[in-house]
file protein-v4.pdb (PDB, C-alpha atoms and all ligand atoms)
ATOM      1  CA  MET A   1     -84.487 -18.347  35.079
ATOM      2  CA  GLU A   2     -86.193 -20.515  32.482
ATOM      3  CA  LYS A   3     -87.023 -23.884  34.008
ATOM      4  CA  VAL A   4     -84.671 -26.761  33.266
ATOM      5  CA  LYS A   5     -86.603 -29.662  31.783
ATOM      6  CA  MET A   6     -85.447 -33.036  33.012
ATOM      7  CA  ILE A   7     -86.327 -36.702  33.320
ATOM      8  CA  LEU A   8     -85.008 -38.651  36.316
ATOM      9  CA  ASP A   9     -84.101 -42.307  35.751
ATOM     10  CA  CYS A  10     -83.578 -44.029  39.096
ATOM     11  CA  ASP A  11     -83.408 -47.214  41.161
ATOM     12  CA  THR A  12     -84.907 -45.845  44.386
ATOM     13  CA  GLY A  13     -82.830 -46.376  46.852
ATOM     14  CA  HIS A  14     -82.107 -43.900  49.652
ATOM     15  CA  ASP A  15     -80.110 -41.241  47.838
ATOM     16  CA  ASP A  16     -82.387 -41.673  44.793
ATOM     17  CA  ALA A  17     -85.299 -40.801  47.098
ATOM     18  CA  ILE A  18     -83.589 -37.536  48.072
ATOM     19  CA  ALA A  19     -82.844 -36.881  44.391
ATOM     20  CA  ILE A  20     -86.604 -37.183  43.702
ATOM     21  CA  MET A  21     -87.296 -34.759  46.565
ATOM     22  CA  PHE A  22     -84.766 -32.296  45.150
ATOM     23  CA  ALA A  23     -85.827 -32.565  41.489
ATOM     24  CA  ALA A  24     -89.531 -32.200  42.257
ATOM     25  CA  GLY A  25     -89.021 -29.463  44.833
ATOM     26  CA  HIS A  26     -86.574 -27.116  43.104
ATOM     27  CA  PRO A  27     -88.423 -24.126  41.642
ATOM     28  CA  ASP A  28     -86.239 -23.969  38.503
ATOM     29  CA  ILE A  29     -86.713 -27.611  37.531
ATOM     30  CA  GLU A  30     -89.561 -28.996  35.459
ATOM     31  CA  LEU A  31     -89.592 -32.721  36.235
ATOM     32  CA  LEU A  32     -91.311 -34.314  33.228
ATOM     33  CA  GLY A  33     -91.311 -37.858  34.516
ATOM     34  CA  ILE A  34     -89.497 -40.466  36.562
ATOM     35  CA  THR A  35     -88.409 -43.770  35.071
ATOM     36  CA  THR A  36     -87.376 -46.729  37.197
ATOM     37  CA  VAL A  37     -84.873 -49.499  36.661
ATOM     38  CA  SER A  38     -83.575 -52.591  38.431
ATOM     39  CA  GLY A  39     -80.581 -51.650  40.573
ATOM     40  CA  ASN A  40     -80.344 -51.109  44.310
ATOM     41  CA  VAL A  41     -83.200 -53.626  44.564
ATOM     42  CA  THR A  42     -85.489 -55.359  42.053
ATOM     43  CA  LEU A  43     -87.605 -53.308  39.638
ATOM     44  CA  ASP A  44     -90.893 -53.911  41.488
ATOM     45  CA  LYS A  45     -89.300 -52.438  44.627
ATOM     46  CA  THR A  46     -87.538 -49.492  42.915
ATOM     47  CA  THR A  47     -90.877 -48.641  41.291
ATOM     48  CA  SER A  48     -92.943 -48.910  44.474
ATOM     49  CA  ASN A  49     -90.302 -46.923  46.405
ATOM     50  CA  THR A  50     -90.476 -44.205  43.753
ATOM     51  CA  LEU A  51     -94.270 -44.119  44.003
ATOM     52  CA  GLN A  52     -93.981 -44.100  47.797
ATOM     53  CA  MET A  53     -91.818 -40.957  47.683
ATOM     54  CA  CYS A  54     -94.162 -39.291  45.195
ATOM     55  CA  GLN A  55     -97.179 -40.122  47.342
ATOM     56  CA  GLN A  56     -95.640 -39.038  50.643
ATOM     57  CA  LEU A  57     -94.514 -35.719  49.120
ATOM     58  CA  HIS A  58     -97.802 -35.273  47.161
ATOM     59  CA  LEU A  59     -95.960 -34.998  43.838
ATOM     60  CA  ASP A  60     -97.801 -34.897  40.559
ATOM     61  CA  VAL A  61     -95.147 -36.563  38.395
ATOM     62  CA  PRO A  62     -95.748 -39.592  36.142
ATOM     63  CA  VAL A  63     -93.711 -42.698  36.999
ATOM     64  CA  TYR A  64     -92.798 -45.317  34.371
ATOM     65  CA  ALA A  65     -91.352 -48.734  35.195
ATOM     66  CA  GLY A  66     -88.508 -49.855  32.965
ATOM     67  CA  MET A  67     -86.028 -52.701  32.615
ATOM     68  CA  ASP A  68     -86.188 -55.459  35.205
ATOM     69  CA  ARG A  69     -82.670 -56.776  34.534
ATOM     70  CA  PRO A  70     -79.335 -55.718  33.061
ATOM     71  CA  LEU A  71     -78.561 -56.169  29.340
ATOM     72  CA  VAL A  72     -76.038 -58.995  29.673
ATOM     73  CA  ARG A  73     -74.881 -59.689  33.206
ATOM     74  CA  GLU A  74     -76.980 -61.243  35.974
ATOM     75  CA  ALA A  75     -78.862 -58.844  38.258
ATOM     76  CA  TYR A  76     -76.775 -57.184  40.966
ATOM     77  CA  HIS A  77     -78.380 -55.430  43.947
ATOM     78  CA  ALA A  78     -77.263 -53.629  47.125
ATOM     79  CA  PRO A  79     -79.525 -54.734  50.019
ATOM     80  CA  GLU A  80     -76.614 -54.396  52.462
ATOM     81  CA  ILE A  81     -76.811 -50.603  51.949
ATOM     82  CA  HIS A  82     -80.493 -50.015  51.192
ATOM     83  CA  GLY A  83     -82.147 -52.844  53.160
ATOM     84  CA  GLU A  84     -84.571 -55.490  51.877
ATOM     85  CA  THR A  85     -87.175 -52.965  50.706
ATOM     86  CA  GLY A  86     -84.543 -50.679  49.171
ATOM     87  CA  LEU A  87     -85.862 -47.842  51.324
ATOM     88  CA  ASP A  88     -85.641 -49.286  54.836
ATOM     89  CA  GLY A  89     -85.929 -46.680  57.589
ATOM     90  CA  ILE A  90     -89.063 -44.823  56.467
ATOM     91  CA  GLU A  91     -92.642 -45.389  57.553
ATOM     92  CA  PHE A  92     -94.343 -46.842  54.471
ATOM     93  CA  GLU A  93     -97.865 -45.741  53.516
ATOM     94  CA  GLU A  94    -100.265 -48.031  51.722
ATOM     95  CA  LEU A  95     -99.761 -47.093  48.075
ATOM     96  CA  THR A  96    -102.549 -45.432  46.136
ATOM     97  CA  TYR A  97    -100.191 -43.904  43.549
ATOM     98  CA  LYS A  98     -99.708 -46.106  40.475
ATOM     99  CA  ALA A  99     -97.144 -46.353  37.695
ATOM    100  CA  GLN A 100     -98.155 -45.389  34.142
ATOM    101  CA  PRO A 101     -98.991 -48.248  31.752
ATOM    102  CA  LYS A 102     -96.280 -47.221  29.259
ATOM    103  CA  HIS A 103     -92.818 -48.826  29.510
ATOM    104  CA  ALA A 104     -90.077 -46.436  30.653
ATOM    105  CA  VAL A 105     -88.010 -47.061  27.513
ATOM    106  CA  ASN A 106     -90.950 -46.081  25.288
ATOM    107  CA  PHE A 107     -91.605 -43.019  27.453
ATOM    108  CA  LEU A 108     -87.986 -41.928  26.989
ATOM    109  CA  ILE A 109     -88.090 -42.453  23.242
ATOM    110  CA  ASP A 110     -91.464 -40.750  22.730
ATOM    111  CA  THR A 111     -90.605 -37.803  24.965
ATOM    112  CA  PHE A 112     -87.199 -37.119  23.451
ATOM    113  CA  MET A 113     -88.420 -37.590  19.871
ATOM    114  CA  ALA A 114     -91.277 -35.116  20.441
ATOM    115  CA  SER A 115     -88.970 -32.577  22.121
ATOM    116  CA  ASP A 116     -87.047 -29.590  20.793
ATOM    117  CA  GLY A 117     -83.805 -31.038  22.138
ATOM    118  CA  ASP A 118     -84.204 -29.137  25.387
ATOM    119  CA  ILE A 119     -84.562 -32.018  27.869
ATOM    120  CA  THR A 120     -81.737 -33.271  30.109
ATOM    121  CA  LEU A 121     -81.732 -36.905  31.168
ATOM    122  CA  VAL A 122     -80.497 -37.567  34.698
ATOM    123  CA  PRO A 123     -79.814 -41.287  35.271
ATOM    124  CA  VAL A 124     -78.870 -42.136  38.858
ATOM    125  CA  GLY A 125     -79.052 -45.920  38.655
ATOM    126  CA  PRO A 126     -77.737 -48.581  36.254
ATOM    127  CA  LEU A 127     -77.948 -47.339  32.658
ATOM    128  CA  THR A 128     -80.130 -50.171  31.309
ATOM    129  CA  ASN A 129     -83.166 -48.046  30.340
ATOM    130  CA  VAL A 130     -80.993 -45.420  28.689
ATOM    131  CA  ALA A 131     -79.001 -47.960  26.664
ATOM    132  CA  MET A 132     -82.177 -49.752  25.557
ATOM    133  CA  ALA A 133     -83.752 -46.472  24.440
ATOM    134  CA  LEU A 134     -80.603 -45.518  22.506
ATOM    135  CA  ARG A 135     -80.512 -48.904  20.767
ATOM    136  CA  LEU A 136     -84.242 -48.994  19.966
ATOM    137  CA  GLU A 137     -84.322 -45.419  18.629
ATOM    138  CA  PRO A 138     -80.775 -44.152  17.945
ATOM    139  CA  ARG A 139     -82.122 -40.765  16.796
ATOM    140  CA  ILE A 140     -82.826 -39.807  20.426
ATOM    141  CA  ALA A 141     -79.066 -39.259  20.915
ATOM    142  CA  LYS A 142     -79.353 -36.033  18.927
ATOM    143  CA  LYS A 143     -82.523 -35.046  20.787
ATOM    144  CA  MET A 144     -80.971 -35.215  24.255
ATOM    145  CA  LYS A 145     -79.661 -31.895  25.521
ATOM    146  CA  ARG A 146     -77.219 -33.828  27.661
ATOM    147  CA  ILE A 147     -76.987 -36.709  30.103
ATOM    148  CA  VAL A 148     -75.973 -35.805  33.653
ATOM    149  CA  LEU A 149     -75.460 -39.107  35.414
ATOM    150  CA  MET A 150     -74.384 -40.440  38.779
ATOM    151  CA  GLY A 151     -72.012 -43.326  38.255
ATOM    152  CA  GLY A 152     -68.436 -44.400  37.853
ATOM    153  CA  SER A 153     -65.234 -43.182  39.348
ATOM    154  CA  CYS A 154     -62.014 -41.740  38.060
ATOM    155  CA  GLY A 155     -60.404 -43.301  41.108
ATOM    156  CA  LEU A 156     -61.491 -46.473  42.849
ATOM    157  CA  GLY A 157     -64.818 -48.263  43.133
ATOM    158  CA  ASN A 158     -67.321 -49.060  45.857
ATOM    159  CA  SER A 159     -68.725 -52.364  44.505
ATOM    160  CA  THR A 160     -65.354 -53.797  43.527
ATOM    161  CA  PRO A 161     -61.942 -52.177  44.022
ATOM    162  CA  SER A 162     -62.328 -50.861  40.458
ATOM    163  CA  ALA A 163     -66.020 -50.375  39.818
ATOM    164  CA  GLU A 164     -68.755 -48.122  41.136
ATOM    165  CA  PHE A 165     -72.204 -49.681  41.771
ATOM    166  CA  ASN A 166     -74.308 -48.102  38.977
ATOM    167  CA  ILE A 167     -71.781 -48.978  36.292
ATOM    168  CA  TYR A 168     -70.933 -52.401  37.748
ATOM    169  CA  ALA A 169     -74.636 -53.277  37.854
ATOM    170  CA  ASP A 170     -74.814 -52.954  34.041
ATOM    171  CA  PRO A 171     -71.428 -52.332  32.409
ATOM    172  CA  GLU A 172     -72.618 -53.161  28.882
ATOM    173  CA  ALA A 173     -75.394 -50.555  29.158
ATOM    174  CA  ALA A 174     -72.864 -47.980  30.362
ATOM    175  CA  HIS A 175     -70.671 -48.857  27.371
ATOM    176  CA  VAL A 176     -73.557 -48.068  25.003
ATOM    177  CA  VAL A 177     -74.237 -44.743  26.744
ATOM    178  CA  PHE A 178     -70.621 -43.535  26.890
ATOM    179  CA  HIS A 179     -70.217 -44.329  23.171
ATOM    180  CA  SER A 180     -73.529 -42.711  22.159
ATOM    181  CA  GLY A 181     -72.132 -39.298  21.274
ATOM    182  CA  VAL A 182     -74.455 -37.592  23.767
ATOM    183  CA  ASP A 183     -72.799 -34.872  25.853
ATOM    184  CA  ILE A 184     -72.211 -36.552  29.239
ATOM    185  CA  VAL A 185     -71.561 -35.116  32.672
ATOM    186  CA  MET A 186     -70.398 -37.875  35.006
ATOM    187  CA  MET A 187     -70.830 -37.407  38.733
ATOM    188  CA  GLY A 188     -68.662 -40.266  39.941
ATOM    189  CA  LEU A 189     -67.410 -41.184  43.382
ATOM    190  CA  ASP A 190     -64.541 -38.668  43.144
ATOM    191  CA  LEU A 191     -67.201 -35.983  43.463
ATOM    192  CA  THR A 192     -70.165 -37.620  45.161
ATOM    193  CA  LEU A 193     -68.213 -38.828  48.192
ATOM    194  CA  GLN A 194     -67.649 -35.151  49.007
ATOM    195  CA  ALA A 195     -71.423 -34.775  49.495
ATOM    196  CA  GLU A 196     -71.354 -36.662  52.776
ATOM    197  CA  THR A 197     -74.381 -36.691  55.024
ATOM    198  CA  THR A 198     -73.164 -36.555  58.603
ATOM    199  CA  GLY A 199     -75.278 -36.773  61.751
ATOM    200  CA  GLU A 200     -75.060 -32.976  61.868
ATOM    201  CA  ILE A 201     -76.576 -32.660  58.375
ATOM    202  CA  VAL A 202     -79.367 -35.087  59.331
ATOM    203  CA  GLU A 203     -80.195 -32.949  62.382
ATOM    204  CA  ARG A 204     -80.119 -29.776  60.301
ATOM    205  CA  MET A 205     -82.614 -31.096  57.727
ATOM    206  CA  HIS A 206     -84.792 -32.735  60.372
ATOM    207  CA  ALA A 207     -84.923 -29.438  62.296
ATOM    208  CA  ILE A 208     -86.687 -27.777  59.334
ATOM    209  CA  GLY A 209     -89.735 -29.446  60.860
ATOM    210  CA  ASN A 210     -91.671 -30.431  57.736
ATOM    211  CA  LYS A 211     -92.442 -33.841  56.219
ATOM    212  CA  ALA A 212     -89.592 -33.606  53.685
ATOM    213  CA  GLY A 213     -87.070 -32.811  56.426
ATOM    214  CA  LYS A 214     -88.279 -35.771  58.479
ATOM    215  CA  LEU A 215     -88.073 -38.038  55.442
ATOM    216  CA  PHE A 216     -84.538 -36.823  54.753
ATOM    217  CA  GLY A 217     -83.621 -37.665  58.339
ATOM    218  CA  ASP A 218     -85.220 -41.138  58.323
ATOM    219  CA  ILE A 219     -83.760 -42.003  54.933
ATOM    220  CA  MET A 220     -80.196 -40.846  55.457
ATOM    221  CA  SER A 221     -79.946 -42.055  59.073
ATOM    222  CA  PHE A 222     -80.603 -45.576  57.811
ATOM    223  CA  THR A 223     -77.774 -45.515  55.245
ATOM    224  CA  ILE A 224     -75.382 -43.794  57.648
ATOM    225  CA  GLY A 225     -75.827 -46.999  59.698
ATOM    226  CA  THR A 226     -75.343 -49.439  56.804
ATOM    227  CA  VAL A 227     -72.390 -47.521  55.378
ATOM    228  CA  LYS A 228     -70.778 -47.577  58.809
ATOM    229  CA  GLU A 229     -71.187 -51.352  58.878
ATOM    230  CA  LYS A 230     -69.825 -51.926  55.362
ATOM    231  CA  TYR A 231     -67.141 -49.233  55.053
ATOM    232  CA  GLY A 232     -66.533 -48.184  58.693
ATOM    233  CA  LYS A 233     -67.368 -44.522  58.009
ATOM    234  CA  ASP A 234     -69.640 -42.265  60.063
ATOM    235  CA  ALA A 235     -71.265 -40.535  57.097
ATOM    236  CA  CYS A 236     -73.049 -41.518  53.914
ATOM    237  CA  ALA A 237     -72.871 -39.733  50.578
ATOM    238  CA  VAL A 238     -76.059 -38.447  49.016
ATOM    239  CA  HIS A 239     -74.587 -39.392  45.604
ATOM    240  CA  ASP A 240     -77.603 -39.067  43.313
ATOM    241  CA  VAL A 241     -78.580 -35.589  44.469
ATOM    242  CA  THR A 242     -75.370 -34.122  43.046
ATOM    243  CA  ALA A 243     -76.394 -35.000  39.473
ATOM    244  CA  VAL A 244     -79.710 -33.148  39.831
ATOM    245  CA  ALA A 245     -78.124 -30.212  41.671
ATOM    246  CA  TYR A 246     -75.661 -29.750  38.798
ATOM    247  CA  LEU A 247     -78.560 -28.749  36.519
ATOM    248  CA  VAL A 248     -79.434 -25.698  38.592
ATOM    249  CA  ALA A 249     -76.091 -24.847  40.220
ATOM    250  CA  PRO A 250     -73.232 -25.887  37.907
ATOM    251  CA  GLU A 251     -71.044 -23.200  39.478
ATOM    252  CA  LEU A 252     -70.747 -25.371  42.594
ATOM    253  CA  PHE A 253     -69.018 -28.120  40.610
ATOM    254  CA  GLU A 254     -65.584 -28.516  39.078
ATOM    255  CA  THR A 255     -65.653 -30.847  36.074
ATOM    256  CA  VAL A 256     -62.809 -31.972  33.839
ATOM    257  CA  PRO A 257     -63.355 -33.121  30.238
ATOM    258  CA  MET A 258     -61.879 -36.598  29.701
ATOM    259  CA  TYR A 259     -62.128 -39.527  27.365
ATOM    260  CA  THR A 260     -63.934 -42.184  29.389
ATOM    261  CA  ASP A 261     -64.504 -45.804  28.448
ATOM    262  CA  ILE A 262     -66.122 -48.726  30.257
ATOM    263  CA  ASP A 263     -64.328 -51.994  30.913
ATOM    264  CA  ILE A 264     -66.645 -54.732  29.671
ATOM    265  CA  ASN A 265     -63.993 -57.449  29.795
ATOM    266  CA  HIS A 266     -64.849 -60.032  32.384
ATOM    267  CA  GLY A 267     -61.680 -59.499  34.418
ATOM    268  CA  ILE A 268     -61.054 -57.869  37.773
ATOM    269  CA  SER A 269     -61.864 -54.395  36.449
ATOM    270  CA  TYR A 270     -65.223 -55.345  34.898
ATOM    271  CA  GLY A 271     -67.476 -52.300  35.167
ATOM    272  CA  ARG A 272     -64.689 -49.783  35.729
ATOM    273  CA  THR A 273     -64.998 -46.332  34.174
ATOM    274  CA  VAL A 274     -61.548 -45.917  32.651
ATOM    275  CA  CYS A 275     -61.055 -42.145  32.688
ATOM    276  CA  ASP A 276     -58.146 -40.692  30.756
ATOM    277  CA  CYS A 277     -57.284 -38.190  33.503
ATOM    278  CA  ASN A 278     -53.807 -37.570  32.094
ATOM    279  CA  HIS A 279     -55.020 -37.288  28.486
ATOM    280  CA  VAL A 280     -52.625 -39.982  27.358
ATOM    281  CA  THR A 281     -54.874 -41.477  24.672
ATOM    282  CA  GLY A 282     -55.247 -38.281  22.691
ATOM    283  CA  LEU A 283     -58.882 -39.252  22.169
ATOM    284  CA  PRO A 284     -61.495 -36.477  22.326
ATOM    285  CA  ALA A 285     -63.298 -36.117  25.659
ATOM    286  CA  ASN A 286     -66.730 -37.748  25.784
ATOM    287  CA  ALA A 287     -67.476 -36.860  29.418
ATOM    288  CA  HIS A 288     -67.117 -33.983  31.821
ATOM    289  CA  VAL A 289     -66.056 -35.762  34.977
ATOM    290  CA  GLY A 290     -67.020 -34.201  38.318
ATOM    291  CA  MET A 291     -64.001 -33.709  40.589
ATOM    292  CA  GLY A 292     -64.742 -30.842  42.968
ATOM    293  CA  LEU A 293     -67.794 -29.676  44.922
ATOM    294  CA  ASN A 294     -68.469 -26.550  46.972
ATOM    295  CA  VAL A 295     -69.768 -28.578  49.919
ATOM    296  CA  PRO A 296     -71.217 -25.825  52.166
ATOM    297  CA  LYS A 297     -73.103 -24.243  49.241
ATOM    298  CA  PHE A 298     -74.343 -27.658  48.140
ATOM    299  CA  TRP A 299     -75.954 -28.290  51.536
ATOM    300  CA  GLU A 300     -77.402 -24.762  51.585
ATOM    301  CA  LEU A 301     -79.024 -25.572  48.246
ATOM    302  CA  VAL A 302     -80.418 -28.904  49.464
ATOM    303  CA  GLU A 303     -81.756 -27.248  52.607
ATOM    304  CA  SER A 304     -83.422 -24.471  50.603
ATOM    305  CA  VAL A 305     -85.271 -27.067  48.504
ATOM    306  CA  ILE A 306     -86.413 -29.069  51.547
ATOM    307  CA  ARG A 307     -87.695 -25.857  53.134
ATOM    308  CA  ARG A 308     -90.037 -25.301  50.180
ATOM    309  CA  TYR A 309     -92.131 -28.354  51.095
ATOM    310  CA  GLU A 310     -95.124 -27.878  53.384
TER     311      GLU A 310
HETATM  312  C1  LIG A 401     -74.834 -45.336  43.614
HETATM  313  O1  LIG A 401     -75.164 -46.667  43.986
HETATM  314  C2  LIG A 401     -76.439 -46.713  44.560
HETATM  315  O2  LIG A 401     -76.474 -47.579  45.656
HETATM  316  C3  LIG A 401     -76.795 -45.294  44.930
HETATM  317  O3  LIG A 401     -78.189 -45.076  44.838
HETATM  318  C4  LIG A 401     -76.039 -44.464  43.933
HETATM  319  O4  LIG A 401     -76.786 -44.242  42.766
HETATM  320  C5  LIG A 401     -73.563 -44.936  44.333
HETATM  321  O5  LIG A 401     -72.514 -45.785  43.970
HETATM  322 CA    CA A 402     -79.167 -44.709  42.650
END
call {"tool": "encode", "arguments": {"input": "protein-v4.pdb", "output": "structure tokens", "more": "lines below"}}
Ligand code: BDR
Ligand code: CA
result
Amino acid sequence: MEKVKMILDCDTGHDDAIAIMFAAGHPDIELLGITTVSGNVTLDKTTSNTLQMCQQLHLDVPVYAGMDRPLVREAYHAPEIHGETGLDGIEFEELTYKAQPKHAVNFLIDTFMASDGDITLVPVGPLTNVAMALRLEPRIAKKMKRIVLMGGSCGLGNSTPSAEFNIYADPEAAHVVFHSGVDIVMMGLDLTLQAETTGEIVERMHAIGNKAGKLFGDIMSFTIGTVKEKYGKDACAVHDVTAVAYLVAPELFETVPMYTDIDINHGISYGRTVCDCNHVTGLPANAHVGMGLNVPKFWELVESVIRRYE
């Protein structure tokens, strides 16, 4: 299989950290760079957490820091899930890895403009960097192979009754992206909540016995605890990993094409992804919305990637 070229845009974050592990470790993925954005925690923390993961896993992937705040709304973070550092639960090393001097938005623009249209962008945090890049250089829309993102929900939200975190954290940016004309695959909560990490999954990955397996265990055990406190559940979804996994195993996913818009009115549904599930608008689909996941095969895939680490 020819390698899939991708850029990961993230707000690391526990499940983002596993997404980095997956993207860098899968043999059929060429990870060209990682861009960071304000989201789960502030930009300085999402960037240092990203570097921390790269350093601990000995990855040779350039990291670019991006936007330190949303386009319009005030910053919105999720310390109640990810802790004060954004990656509570791991043993931190003193950082020697450093971010690149270039801004993430310029990296995105330069990389897509120089490409043959064969790079997929995988945003798993608020869409601020992506929207900024599309506004600064609109020609990149035609250069993106597609955007496979984690965010939104056809059903209900997790930050408000209507809105999912990544979209709620920057609804105006999401509006720009969903109206960009780029082919979008949306892994929303309808799908990602099926990828639940239970205590059994933690034990299974930990039992692999390598550093990546231990990191998986430390990382996901922490959010199993915080999710239990906030939502009363005994498992925590590894949301962001699904978007990366889709690139190499689309057969494990059921997606439905739908017209999808973002509510940017400042009412109770601010930040909601309004998905035309019943095709009542007659508008052409602008997103393939993830609805179904082959859960056992998904975990087999994740395990196989973790096993590749030393
Ligand atoms: C999303 O919100 C963040 O907390 C996670 O990293 C994930 O990207 C799930 O709603
Ligand atoms: Ca994330």
call {"tool": "resolve_selection", "arguments": {"input": "protein-v4.pdb", "expression": "the PyMOL selection byres (((chain A and resi 310) around 7) and not hetatm)", "output": "list in words"}}
result
Asn210, Arg308 and Tyr309 of chain A
call {"tool": "resolve_selection", "arguments": {"input": "protein-v4.pdb", "expression": "the PyMOL selection byres (((chain A and resi 22) around 8) and not hetatm)", "output": "ChimeraX atom specification"}}
result
/A:18-21,23-26,241,244-245,302,305-306
call {"tool": "resolve_selection", "arguments": {"input": "protein-v4.pdb", "expression": "the PyMOL selection byres (((not hetatm)) within 8 of (chain A and resi 401))", "output": "compact mmCIF listing (two decimals) with C-alpha atoms, keeping the file's coordinate frame"}}
result
# COMPACT_ATOMS: atom_id res chain seq x y z
CA CYS A 10 -83.58 -44.03 39.10
CA ASP A 11 -83.41 -47.21 41.16
CA THR A 12 -84.91 -45.84 44.39
CA GLY A 13 -82.83 -46.38 46.85
CA HIS A 14 -82.11 -43.90 49.65
CA ASP A 15 -80.11 -41.24 47.84
CA ASP A 16 -82.39 -41.67 44.79
CA GLY A 39 -80.58 -51.65 40.57
CA ASN A 40 -80.34 -51.11 44.31
CA ALA A 78 -77.26 -53.63 47.12
CA ILE A 81 -76.81 -50.60 51.95
CA HIS A 82 -80.49 -50.02 51.19
CA VAL A 124 -78.87 -42.14 38.86
CA GLY A 125 -79.05 -45.92 38.66
CA PRO A 126 -77.74 -48.58 36.25
CA MET A 150 -74.38 -40.44 38.78
CA GLY A 151 -72.01 -43.33 38.26
CA GLY A 152 -68.44 -44.40 37.85
CA ASN A 158 -67.32 -49.06 45.86
CA SER A 159 -68.72 -52.36 44.50
CA GLU A 164 -68.76 -48.12 41.14
CA PHE A 165 -72.20 -49.68 41.77
CA ASN A 166 -74.31 -48.10 38.98
CA GLY A 188 -68.66 -40.27 39.94
CA LEU A 189 -67.41 -41.18 43.38
CA VAL A 238 -76.06 -38.45 49.02
CA HIS A 239 -74.59 -39.39 45.60
CA ASP A 240 -77.60 -39.07 43.31
call {"tool": "closest_residue", "arguments": {"input": "protein-v4.pdb", "among": "A:Val37, A:Leu31, A:Val248, A:Leu193", "to": "ligand CA 402 (chain A)", "atoms": "only C-alpha atoms and all ligand atoms"}}
result
A:Val37
call {"tool": "closest_residue", "arguments": {"input": "protein-v4.pdb", "among": "A:Gln100, A:Ile167, A:Val202, A:Asp68", "to": "ligand CA 402 (chain A)", "atoms": "all atoms listed in the file"}}
result
A:Ile167
call {"tool": "closest_residue", "arguments": {"input": "protein-v4.pdb", "among": "A:Leu215, A:Met187, A:Val41, A:Ile140", "to": "Glu91 in chain A", "atoms": "all atoms listed in the file"}}
result
A:Leu215
call {"tool": "closest_residue", "arguments": {"input": "protein-v4.pdb", "among": "A:Gly117, A:Ile109, A:Ala243, A:Lys214", "to": "ligand CA 402 (chain A)", "atoms": "only C-alpha atoms and all ligand atoms"}}
result
A:Ala243
call {"tool": "atom_distance", "arguments": {"input": "protein-v4.pdb", "atom1": "CA of Ile264 in chain A", "atom2": "CA of Val177 in chain A"}}
result
12.9 Å
call {"tool": "closest_residue", "arguments": {"input": "protein-v4.pdb", "among": "A:Gly86, A:Leu71, A:Phe216, A:Gln56", "to": "ligand CA 402 (chain A)", "atoms": "only C-alpha atoms and all ligand atoms"}}
result
A:Gly86
call {"tool": "decode", "arguments": {"input": "protein-v4.pdb", "residues": "range 7-18 of chain A", "atoms": "N, CA and C atoms", "output": "short mmCIF file (atom, residue, chain, number, x, y, z; two decimals), in the first residue's frame"}}
result
data_model
loop_
_atom_site.label_atom_id
_atom_site.label_comp_id
_atom_site.auth_asym_id
_atom_site.auth_seq_id
_atom_site.Cartn_x
_atom_site.Cartn_y
_atom_site.Cartn_z
N ILE A 7 -1.25 15.34 7.78
CA ILE A 7 -0.82 16.28 8.81
C ILE A 7 -1.85 16.18 9.93
N LEU A 8 -1.37 16.10 11.17
CA LEU A 8 -2.26 16.03 12.33
C LEU A 8 -2.31 17.40 12.99
N ASP A 9 -3.51 17.92 13.18
CA ASP A 9 -3.69 19.21 13.86
C ASP A 9 -4.40 18.92 15.18
N CYS A 10 -3.74 19.19 16.31
CA CYS A 10 -4.30 18.69 17.57
C CYS A 10 -4.13 19.66 18.74
N ASP A 11 -4.86 19.32 19.81
CA ASP A 11 -4.82 20.13 21.05
C ASP A 11 -4.51 19.19 22.21
N THR A 12 -3.39 18.55 22.15
CA THR A 12 -3.00 17.43 23.03
C THR A 12 -3.09 17.76 24.53
N GLY A 13 -3.88 17.11 25.33
CA GLY A 13 -5.02 16.20 25.28
C GLY A 13 -4.68 14.71 25.25
N HIS A 14 -5.49 13.95 26.07
CA HIS A 14 -5.26 12.52 26.20
C HIS A 14 -5.51 11.72 24.93
N ASP A 15 -6.69 11.86 24.35
CA ASP A 15 -6.95 11.06 23.14
C ASP A 15 -6.13 11.59 21.96
N ASP A 16 -5.81 12.89 21.97
CA ASP A 16 -4.89 13.43 20.94
C ASP A 16 -3.54 12.71 21.04
N ALA A 17 -3.10 12.49 22.28
CA ALA A 17 -1.79 11.84 22.49
C ALA A 17 -1.78 10.44 21.87
N ILE A 18 -2.91 9.73 22.02
CA ILE A 18 -2.98 8.39 21.42
C ILE A 18 -3.07 8.50 19.89
#
